[in-house]
>>> print(open('query.txt').read())   # compact mmCIF, C-alpha atoms (C1' of nucleotides)
# COMPACT_ATOMS: atom_id res chain seq x y z
CA MET A 15 -6.21 -1.96 22.07
CA ARG A 16 -2.78 -2.50 20.58
CA ALA A 17 -2.62 -4.19 17.23
CA ARG A 18 -1.35 -7.73 17.51
CA ARG A 19 2.21 -8.06 16.24
CA GLU A 20 2.53 -11.20 14.21
CA ALA A 21 5.77 -13.06 14.43
CA ILE A 22 7.45 -12.40 11.10
CA ALA A 23 11.03 -13.44 10.53
CA VAL A 24 12.75 -10.34 9.23
CA PRO A 25 14.46 -9.04 7.25
CA LEU A 26 12.17 -10.36 4.55
CA VAL A 27 12.82 -9.39 0.93
CA VAL A 28 9.82 -9.79 -1.37
CA ALA A 29 10.27 -9.29 -5.11
CA THR A 30 7.96 -9.37 -8.12
CA TRP A 31 8.90 -9.65 -11.78
CA ASN A 32 6.98 -10.14 -15.01
CA VAL A 33 9.56 -12.18 -16.94
CA ASN A 34 7.62 -12.34 -20.24
CA SER A 35 8.34 -16.05 -20.85
CA VAL A 36 10.31 -17.96 -18.23
CA ARG A 37 11.95 -20.05 -20.93
CA ALA A 38 13.22 -17.05 -22.87
CA ARG A 39 14.34 -15.48 -19.58
CA GLU A 40 15.79 -18.49 -17.75
CA ALA A 41 19.39 -17.28 -17.75
CA ARG A 42 18.34 -13.82 -16.58
CA LEU A 43 16.08 -15.31 -13.91
CA LEU A 44 18.88 -17.44 -12.49
CA ALA A 45 21.32 -14.53 -12.59
CA PHE A 46 18.79 -12.34 -10.79
CA LEU A 47 18.25 -14.94 -8.05
CA GLU A 48 21.99 -15.32 -7.52
CA ARG A 49 22.53 -11.58 -7.49
CA SER A 50 19.60 -10.44 -5.36
CA ARG A 51 18.71 -13.53 -3.30
CA PRO A 52 15.15 -12.41 -2.48
CA ASP A 53 13.35 -14.50 0.13
CA VAL A 54 10.26 -14.52 -2.08
CA LEU A 55 10.01 -13.89 -5.83
CA CYS A 56 6.62 -13.62 -7.50
CA LEU A 57 6.75 -14.26 -11.24
CA GLN A 58 4.24 -13.44 -13.97
CA GLU A 59 3.83 -14.25 -17.65
CA LEU A 60 5.60 -17.59 -17.55
CA LYS A 61 4.00 -18.39 -20.94
CA THR A 62 4.58 -22.08 -20.41
CA GLU A 63 3.07 -25.14 -18.81
CA ASP A 64 4.23 -26.36 -15.41
CA ALA A 65 6.34 -29.18 -16.89
CA ALA A 66 8.56 -26.72 -18.78
CA PHE A 67 9.27 -24.51 -15.78
CA PRO A 68 13.02 -24.60 -14.96
CA LEU A 69 12.43 -26.20 -11.58
CA GLU A 70 15.76 -28.01 -11.31
CA ALA A 71 17.74 -24.89 -12.05
CA VAL A 72 16.01 -22.78 -9.40
CA THR A 73 16.23 -25.68 -6.94
CA ARG A 74 20.00 -25.75 -7.42
CA LEU A 75 20.05 -22.14 -6.32
CA GLY A 76 18.19 -22.99 -3.13
CA TYR A 77 14.67 -22.03 -4.16
CA HIS A 78 11.37 -23.82 -3.91
CA ALA A 79 8.69 -23.08 -6.49
CA ALA A 80 4.91 -23.12 -6.58
CA VAL A 81 3.92 -22.89 -10.24
CA TYR A 82 0.62 -22.25 -12.01
CA GLY A 83 1.55 -22.40 -15.65
CA GLN A 84 -0.36 -22.17 -18.90
CA LYS A 85 0.57 -22.85 -22.49
CA THR A 86 1.49 -19.73 -24.50
CA TYR A 87 -0.14 -17.12 -22.27
CA ASN A 88 -0.21 -15.97 -18.66
CA GLY A 89 1.24 -18.26 -15.97
CA VAL A 90 2.37 -17.23 -12.48
CA ALA A 91 4.66 -18.63 -9.80
CA ILE A 92 6.00 -18.04 -6.31
CA LEU A 93 9.66 -18.87 -5.65
CA ALA A 94 10.88 -18.90 -2.08
CA ARG A 95 13.91 -19.95 -0.06
CA GLU A 96 11.53 -21.66 2.36
CA ALA A 97 9.03 -24.18 1.00
CA PRO A 98 5.71 -22.45 0.23
CA ALA A 99 2.77 -23.92 2.14
CA ASP A 100 -0.99 -23.88 1.52
CA VAL A 101 -0.54 -23.33 -2.22
CA LYS A 102 -3.71 -22.35 -4.04
CA ARG A 103 -4.10 -21.79 -7.78
CA GLY A 104 -6.71 -19.35 -9.01
CA MET A 105 -9.25 -17.66 -6.78
CA GLY A 106 -10.64 -20.83 -5.27
CA ASP A 107 -13.75 -22.91 -5.80
CA GLY A 108 -16.09 -21.41 -8.32
CA ASP A 109 -13.30 -19.62 -10.18
CA ALA A 110 -14.03 -20.62 -13.76
CA ASP A 111 -11.30 -18.41 -15.26
CA PRO A 112 -9.26 -20.57 -17.66
CA GLN A 113 -6.43 -18.02 -17.57
CA ALA A 114 -3.65 -18.78 -15.06
CA ARG A 115 -3.32 -15.37 -13.43
CA LEU A 116 -3.12 -15.94 -9.69
CA ILE A 117 -1.29 -18.23 -7.26
CA GLU A 118 -1.17 -18.01 -3.50
CA ALA A 119 1.06 -19.54 -0.83
CA ARG A 120 2.18 -19.05 2.74
CA VAL A 121 5.85 -18.31 3.22
CA ARG A 122 7.47 -17.63 6.60
CA GLY A 123 4.13 -16.77 8.15
CA VAL A 124 3.20 -14.37 5.36
CA ARG A 125 0.36 -14.92 2.93
CA VAL A 126 1.69 -14.21 -0.56
CA ILE A 127 -0.13 -13.80 -3.86
CA SER A 128 1.51 -13.56 -7.28
CA ALA A 129 -1.02 -11.97 -9.63
CA TYR A 130 -1.00 -11.14 -13.31
CA PHE A 131 -3.82 -8.66 -13.78
CA PRO A 132 -5.35 -8.55 -17.28
CA ASN A 133 -3.87 -5.86 -19.54
CA GLY A 134 -7.22 -4.77 -20.89
CA GLY A 135 -6.38 -4.31 -24.56
CA GLU A 136 -8.22 -1.16 -25.57
CA VAL A 137 -10.59 0.81 -23.37
CA GLY A 138 -14.12 -0.26 -24.23
CA SER A 139 -13.11 -3.67 -25.63
CA GLU A 140 -14.07 -7.10 -24.34
CA LYS A 141 -10.62 -7.39 -22.78
CA TRP A 142 -11.22 -4.12 -20.96
CA ALA A 143 -14.47 -5.44 -19.50
CA TYR A 144 -12.63 -8.63 -18.50
CA LYS A 145 -9.93 -6.58 -16.77
CA LEU A 146 -12.41 -4.64 -14.66
CA ALA A 147 -14.43 -7.75 -13.85
CA TRP A 148 -11.26 -9.65 -12.90
CA MET A 149 -10.19 -6.86 -10.57
CA GLU A 150 -13.62 -6.79 -8.92
CA GLY A 151 -13.40 -10.58 -8.60
CA LEU A 152 -10.03 -10.23 -6.88
CA ARG A 153 -11.42 -7.63 -4.50
CA ALA A 154 -14.29 -9.93 -3.58
CA HIS A 155 -11.92 -12.90 -3.20
CA LEU A 156 -9.64 -10.93 -0.88
CA ALA A 157 -12.61 -9.76 1.17
CA ALA A 158 -14.03 -13.28 1.42
CA THR A 159 -10.73 -14.80 2.55
CA ALA A 160 -9.36 -11.95 4.69
CA VAL A 161 -7.99 -12.79 8.13
CA PRO A 162 -7.80 -9.72 10.40
CA GLY A 163 -4.23 -8.84 11.34
CA GLU A 164 -2.70 -11.26 8.86
CA PRO A 165 0.58 -10.24 7.22
CA PHE A 166 -0.14 -10.44 3.51
CA ALA A 167 1.83 -9.40 0.41
CA LEU A 168 -0.20 -8.97 -2.77
CA CYS A 169 2.38 -8.83 -5.54
CA GLY A 170 2.44 -8.81 -9.28
CA ASP A 171 1.97 -7.10 -12.59
CA PHE A 172 -1.16 -5.10 -11.80
CA ASN A 173 -1.24 -3.48 -15.25
CA VAL A 174 -2.27 -0.26 -13.50
CA ALA A 175 -0.20 2.85 -12.84
CA PRO A 176 -1.97 4.10 -9.70
CA GLU A 177 -1.14 7.79 -10.11
CA ASP A 178 0.33 10.19 -12.65
CA ARG A 179 3.61 10.26 -10.70
CA ASP A 180 3.92 6.61 -11.77
CA VAL A 181 4.00 7.62 -15.44
CA ALA A 182 6.87 9.35 -17.24
CA ASN A 183 4.55 10.91 -19.81
CA PRO A 184 1.10 11.04 -18.23
CA GLU A 185 -0.43 13.01 -21.08
CA SER A 186 0.43 10.40 -23.70
CA TRP A 187 -0.83 7.54 -21.48
CA LYS A 188 -3.90 9.37 -20.23
CA ASP A 189 -7.06 7.21 -20.37
CA THR A 190 -5.22 4.16 -21.72
CA VAL A 191 -5.90 0.80 -20.06
CA LEU A 192 -2.92 1.25 -17.72
CA CYS A 193 -3.99 4.69 -16.47
CA HIS A 194 -7.75 4.91 -16.99
CA PRO A 195 -9.71 6.28 -14.01
CA ASP A 196 -11.87 3.13 -13.93
CA ALA A 197 -8.79 0.90 -13.60
CA ARG A 198 -7.33 3.18 -10.95
CA GLU A 199 -10.64 3.14 -9.10
CA ALA A 200 -10.80 -0.67 -9.28
CA LEU A 201 -7.30 -0.82 -7.79
CA ALA A 202 -8.23 1.70 -5.10
CA ARG A 203 -11.15 -0.52 -4.11
CA ILE A 204 -8.76 -3.47 -3.77
CA ALA A 205 -6.43 -1.37 -1.64
CA ALA A 206 -9.35 -0.18 0.49
CA SER A 207 -9.88 -3.75 1.66
CA GLY A 208 -6.71 -3.38 3.73
CA PHE A 209 -3.66 -3.01 1.49
CA GLU A 210 -1.03 -0.35 1.15
CA ASP A 211 1.42 0.26 -1.69
CA ALA A 212 4.53 -0.75 0.29
CA PHE A 213 6.87 0.62 -2.37
CA ARG A 214 5.44 4.14 -2.10
CA ARG A 215 5.65 4.05 1.68
CA VAL A 216 9.41 4.48 1.43
CA ARG A 217 9.91 5.70 -2.15
CA PRO A 218 7.58 8.67 -2.78
CA GLU A 219 9.70 10.31 -5.47
CA PRO A 220 8.70 10.43 -9.15
CA GLY A 221 10.73 8.86 -11.95
CA LEU A 222 10.45 5.24 -10.79
CA TYR A 223 9.11 2.84 -13.42
CA SER A 224 8.90 -0.94 -13.78
CA TRP A 225 7.78 -1.37 -17.40
CA TRP A 226 8.82 0.12 -20.72
CA ASP A 227 7.21 -0.92 -24.01
CA TYR A 228 9.50 -2.82 -26.39
CA ARG A 229 8.13 -0.59 -29.14
CA MET A 230 8.79 3.05 -29.92
CA LEU A 231 12.11 3.10 -28.03
CA GLY A 232 10.27 2.94 -24.74
CA PHE A 233 13.31 2.20 -22.60
CA PRO A 234 15.89 4.40 -24.39
CA LYS A 235 13.44 7.29 -24.06
CA ASN A 236 12.54 6.22 -20.50
CA ASP A 237 8.86 6.27 -21.43
CA GLY A 238 8.10 4.10 -18.42
CA LEU A 239 5.23 3.29 -16.08
CA ARG A 240 5.17 1.78 -12.59
CA ILE A 241 2.65 -1.03 -12.99
CA ASP A 242 4.34 -3.82 -10.97
CA HIS A 243 3.56 -3.66 -7.28
CA VAL A 244 3.98 -5.05 -3.79
CA TYR A 245 0.89 -4.24 -1.75
CA ALA A 246 0.88 -5.23 1.92
CA THR A 247 -1.50 -5.38 4.85
CA ALA A 248 -0.71 -3.24 7.91
CA PRO A 249 1.37 -5.73 9.93
CA LEU A 250 3.71 -6.08 6.98
CA ALA A 251 3.45 -2.58 5.50
CA ALA A 252 4.44 -1.07 8.86
CA ARG A 253 7.77 -2.86 8.54
CA THR A 254 8.64 -1.57 5.05
CA ALA A 255 12.29 -0.56 5.26
CA ALA A 256 13.46 -0.24 1.64
CA ALA A 257 12.20 -0.60 -1.90
CA GLU A 258 13.84 -0.53 -5.28
CA ILE A 259 13.37 -1.31 -8.94
CA ASP A 260 16.20 -3.24 -10.60
CA ARG A 261 16.30 -1.00 -13.65
CA ASN A 262 19.55 -2.54 -14.84
CA GLU A 263 17.65 -5.78 -15.49
CA ARG A 264 15.85 -3.97 -18.35
CA LYS A 265 19.20 -3.31 -20.07
CA GLY A 266 21.33 -5.53 -22.30
CA LYS A 267 20.36 -8.39 -24.58
CA GLN A 268 16.93 -10.00 -24.43
CA PRO A 269 15.48 -8.28 -21.39
CA SER A 270 11.92 -8.68 -20.24
CA ASP A 271 9.93 -5.51 -20.85
CA HIS A 272 9.47 -5.39 -17.05
CA ALA A 273 12.09 -4.83 -14.36
CA PRO A 274 11.99 -6.60 -10.97
CA VAL A 275 10.57 -4.70 -7.98
CA LEU A 276 12.03 -5.50 -4.54
CA VAL A 277 10.70 -4.53 -1.12
CA THR A 278 12.51 -5.18 2.18
CA PHE A 279 10.52 -5.63 5.39
CA GLN A 280 12.42 -5.15 8.62
CA ASP A 281 11.63 -4.40 12.26
C1' DA B 30 -5.84 5.56 -36.59
C1' DT B 31 -1.38 3.59 -36.93
C1' DG B 32 2.99 2.44 -35.65
C1' DG B 33 6.76 0.18 -33.28
C1' DT B 34 8.98 -4.92 -30.86
C1' DT B 35 9.00 -9.30 -28.60
C1' DG B 36 7.40 -14.22 -27.62
C1' DC B 37 4.91 -18.19 -28.85
C1' DT B 38 4.03 -20.61 -32.64
C1' DT B 39 4.66 -20.70 -37.39
C1' DA B 40 -0.07 -16.47 -39.24
C1' DG B 41 -1.73 -14.35 -35.92
C1' DC B 42 -2.55 -13.14 -31.17
C1' DA B 43 -1.23 -10.79 -27.01
C1' DA B 44 1.16 -7.34 -24.84
>>> encode(input="query.txt", output="structure tokens")
Amino acid sequence: MRARREAIAVPLVVATWNVNSVRAREARLLAFLERSRPDVLCLQELKTEDAAFPLEAVTRLGYHAAVYGQKTYNGVAILAREAPADVKRGMGDGDADPQARLIEARVRGVRVISAYFPNGGEVGSEKWAYKLAWMEGLRAHLAATAVPGEPFALCGDFNVAPEDRDVANPESWKDTVLCHPDAREALARIAASGFEDAFRRVRPEPGLYSWWDYRMLGFPKNDGLRIDHVYATAPLAARTAAAEIDRNERKGKQPSDHAPVLVTFQD
DNA sequence: ATGGTTGCTTAGCAA
């Protein structure tokens, strides 16, 4: 039996970017939208409540926004050129997590999630346990809400570098929260529920990173990791045509410590 | 083990 081909309007450009405070990054966010014009942009680490999100400014550029903000920490959003539908904040009923780390919407027939996975602090800490539990909770949530054959883009700051080729200096990052085998295994279990790393489908080469620590000259030394991802279910992943990381966005004055990741889906 | 930097909030936490 042939897999059902969902009607997806393509080309579709899906981007994800941890902005590390949407207020501190407003000018850069607007410049990025004008420059790249993604159809969908998933944001993480807004670090502000909904009321302080620059809604008018993004609206002027032709974007709609579904926002799940939080004071000081976390906060996620989905911006889209078409109005997002079926917006859901958190992982649904019974999700008691007070941290705003996940928002979902339907855009142009595609289910989209913007997720800010927990960093994990130090391996063995309470934050580490929270990270692994959160990831297992996401896996269970995805399994419980999965619709067979549905085009679905799971995007965000996963705070996991899936493989050593995603790390400039794997030895120095070995067994840290971003590279630990338990975190990689937790991500693999999420992927096993029907997702593929769309970026790697078309960009297998090493040397591609999305985050560089502000400290220790991370960016000047290119001590980077690829921890921001666009995962997609088969109907979408099969259409992956191009992927890039906007490394230039990490340059200049007052950058986020993350660069935007963009994936183009096309028939 | 600590350091180094940035953002939010104003001393300390989170990343």
>>> residues_around(input="query.txt", residues="segment 57-60 of chain A", least_positions_apart="3", cutoff="7 Å", atoms="only C-alpha atoms (C1' of nucleotides)", output="VMD selection string")
chain A and resid 30 to 36 83 87 to 92 128 to 130 170 to 171
>>> residues_around(input="query.txt", residues="DT38 of chain B", least_positions_apart="5", cutoff="12 Å", atoms="all atoms listed in the file", output="PyMOL selection string")
chain A and resi 61+85-87
>>> write_last_selection(input="query.txt", atoms="C-alpha atoms", output="short mmCIF file (atom, residue, chain, number, x, y, z; two decimals), in the frame of the given file")
data_model
loop_
_atom_site.label_atom_id
_atom_site.label_comp_id
_atom_site.auth_asym_id
_atom_site.auth_seq_id
_atom_site.Cartn_x
_atom_site.Cartn_y
_atom_site.Cartn_z
CA LYS A 61 4.00 -18.39 -20.94
CA LYS A 85 0.57 -22.85 -22.49
CA THR A 86 1.49 -19.73 -24.50
CA TYR A 87 -0.14 -17.12 -22.27
#
>>> closest_residue(input="query.txt", among="A:Asp271, A:Ala119, A:Lys188, A:His78", to="DG36 of chain B", atoms="all atoms listed in the file")
A:Asp271
>>> interface_residues(input="query.txt", of="chain A", to="chain B", cutoff="7 Å", atoms="only C-alpha atoms (C1' of nucleotides)", output="count of residues only")
4
>>> atom_distance(input="query.txt", atom1="atom CA of Val24 of chain A", atom2="atom CA of Asn173 of chain A")
29.0 Å
>>> residues_around(input="query.txt", residues="segment 147-164 of chain A", least_positions_apart="4", cutoff="10 Å", atoms="all atoms listed in the file", output="PyMOL selection string")
chain A and resi 17-20+104-106+109+111+115-116+123-125+129+131-132+141-143+168+172+197+200-208+246-250
>>> residues_around(input="query.txt", residues="Leu26 of chain A", least_positions_apart="6", cutoff="8 Å", atoms="all atoms listed in the file", output="short mmCIF file (atom, residue, chain, number, x, y, z; two decimals) with C-alpha atoms, in the coordinates of the input")
data_model
loop_
_atom_site.label_atom_id
_atom_site.label_comp_id
_atom_site.auth_asym_id
_atom_site.auth_seq_id
_atom_site.Cartn_x
_atom_site.Cartn_y
_atom_site.Cartn_z
CA PRO A 52 15.15 -12.41 -2.48
CA ASP A 53 13.35 -14.50 0.13
CA THR A 278 12.51 -5.18 2.18
CA PHE A 279 10.52 -5.63 5.39
CA GLN A 280 12.42 -5.15 8.62
#
>>> closest_residue(input="query.txt", among="A:Pro234, A:Pro68, A:Gly221, A:Pro25", to="Arg37 of chain A", atoms="only C-alpha atoms")
A:Pro68
>>> residues_around(input="query.txt", residues="Thr190 of chain A", least_positions_apart="6", cutoff="10 Å", atoms="all atoms listed in the file", output="count of residues only")
7
>>> atom_distance(input="query.txt", atom1="atom CA of Phe67 of chain A", atom2="atom CA of Arg264 of chain A")
21.7 Å
>>> atom_distance(input="query.txt", atom1="atom CA of Phe209 of chain A", atom2="atom CA of Cys169 of chain A")
10.9 Å
>>> axis_aligned_box(input="query.txt", around="segment 34-38 of chain B", padding_each_side="4 Å", output="AutoDock Vina command-line options")
--center_x 6.5 --center_y -12.8 --center_z -30.1 --size_x 13.0 --size_y 23.7 --size_z 13.0
>>> closest_residue(input="query.txt", among="A:Arg215, A:Arg240, A:Lys235, A:Lys267", to="Ala255 of chain A", atoms="only C-alpha atoms")
A:Arg215
